[in-house]
Amino acid sequence: MSEALDRLKDIGAQKIYEDTHIPIGHVQAILYESFDGLNKIQFVGFISILEREYGEDLSAVRSRGVGYFDEKNAPDEAITDDAIFKSSSNKKNLTILYIILAIILFIIAISFSMQSANDTLDNAIKENKIIEDAKKNIVVDANISDNNSSDENASLTNDEKTTVAPVKEEKALPQSLKIIARTKVWLGYIDAATNKKYQKIFEGELDLDPTKEWLLYFGHGYIDVIINGEEIKYNEKNTLRLHYENGEIKQISINEFRRLNRGNTW
């Protein structure tokens, strides 16, 4: 990583945002060379602004970023005329083959249907006799069952007829949510229910309301998350995005973050 970027990090993303009006999320992306939230035009423009504002040489960062976007946006391999004509020729041969297969399958289907119809008729005759025999047995069993039920109901006491309603167990609510930054970090955190956004540069411990749903966006991922005393460690060099809900937290991609944040990257 270049010394110019280190000097910009010392200035801090918040101060750079105030000086240049570059969105703070994009400043973080450039400082930590995480380009997935930018496009090529934005990236080149922001690099020029930073060079002009602070007199730094960011040509190495620009070169790496442009290379990233060129590779990301590289066109698919061109389709040649030979491939087109060869495909057309193969389609004619395949069409004839498909017609022959369809005729064979049609003949097999008719034969199977005729055999199935004969089997169905035989089974229907057998089942009809079984059903008639079963009806006779059901009538006899029903009479016996009615007599037994009357005797059993007469012998039941009031206490035995009482039904006890099941007790529904309630899930315990989360009691604590702590963020511990092992080094100084910029954090953007969003209340998912209200879409209210907050940001903070801190080192050490930060408490958040464990009953809310949070979207968390860190400038780097050298942090720990403690939920109800259970610690989860992260060691991400680049930006880190997390989603917290109902006492559970997971790392998410920029696309998932944008979906949960109503289409916004921050």
# chains A, B, ... in the order shown; residues from 1 in each chain; ligands from 1
>>> closest_atom_pairs(of="range 168-260 of chain A", to="range 8-30 of chain A", cutoff="9 Å", atoms="only C-alpha atoms", output="CSV")
residue,atom,partner,partner_atom,distance
A:Trp186,CA,A:Ala13,CA,7.5
A:Gly188,CA,A:Gly25,CA,8.5
A:Lys200,CA,A:Gln14,CA,8.8
A:Ile201,CA,A:Gln14,CA,8.0
A:Tyr217,CA,A:Gly25,CA,8.6
A:Phe218,CA,A:Gln28,CA,8.7
A:Gly219,CA,A:Gln28,CA,5.7
A:His220,CA,A:Gln28,CA,8.7
A:Asn238,CA,A:Ala29,CA,8.2
A:Thr239,CA,A:Ala29,CA,7.2
>>> write_last_selection(atoms="N, CA and C atoms", output="CSV table (one decimal), in the first residue's frame")
chain,number,residue,atom,x,y,z
A,186,TRP,N,-13.7,3.7,10.9
A,186,TRP,CA,-14.9,4.4,10.6
A,186,TRP,C,-16.1,3.3,10.6
A,188,GLY,N,-20.3,3.1,9.8
A,188,GLY,CA,-21.6,3.6,9.5
A,188,GLY,C,-22.6,2.5,9.9
A,200,LYS,N,-19.5,7.0,12.8
A,200,LYS,CA,-18.7,7.2,14.0
A,200,LYS,C,-17.3,6.7,13.7
A,201,ILE,N,-16.3,7.4,14.1
A,201,ILE,CA,-14.9,7.0,14.1
A,201,ILE,C,-14.5,6.7,15.5
A,217,TYR,N,-21.5,-1.0,8.5
A,217,TYR,CA,-20.5,-0.8,7.4
A,217,TYR,C,-19.2,-0.3,8.0
A,218,PHE,N,-18.1,-1.1,8.0
A,218,PHE,CA,-16.9,-0.8,8.6
A,218,PHE,C,-15.8,-0.5,7.6
A,219,GLY,N,-15.0,0.5,7.9
A,219,GLY,CA,-13.9,0.9,6.9
A,219,GLY,C,-12.9,-0.3,6.8
A,220,HIS,N,-12.7,-1.0,7.9
A,220,HIS,CA,-11.9,-2.3,7.9
A,220,HIS,C,-12.5,-3.3,8.8
A,238,ASN,N,-10.1,-5.3,4.2
A,238,ASN,CA,-10.9,-4.3,3.4
A,238,ASN,C,-12.2,-4.1,4.2
A,239,THR,N,-13.1,-3.4,3.5
A,239,THR,CA,-14.3,-3.0,4.2
A,239,THR,C,-15.1,-4.2,4.6
>>> residues_around(residues="Ala193 in chain A", least_positions_apart="6", cutoff="10 Å", atoms="only C-alpha atoms", output="list in words")
Lys212, Glu213 and Trp214 of chain A
>>> atom_distance(atom1="CA of Pro210 in chain A", atom2="CA of Gln175 in chain A")
6.2 Å
>>> closest_residue(among="A:Ser2, A:Asn264, A:Thr211, A:Ser48", to="Glu245 in chain A", atoms="only C-alpha atoms")
A:Thr211
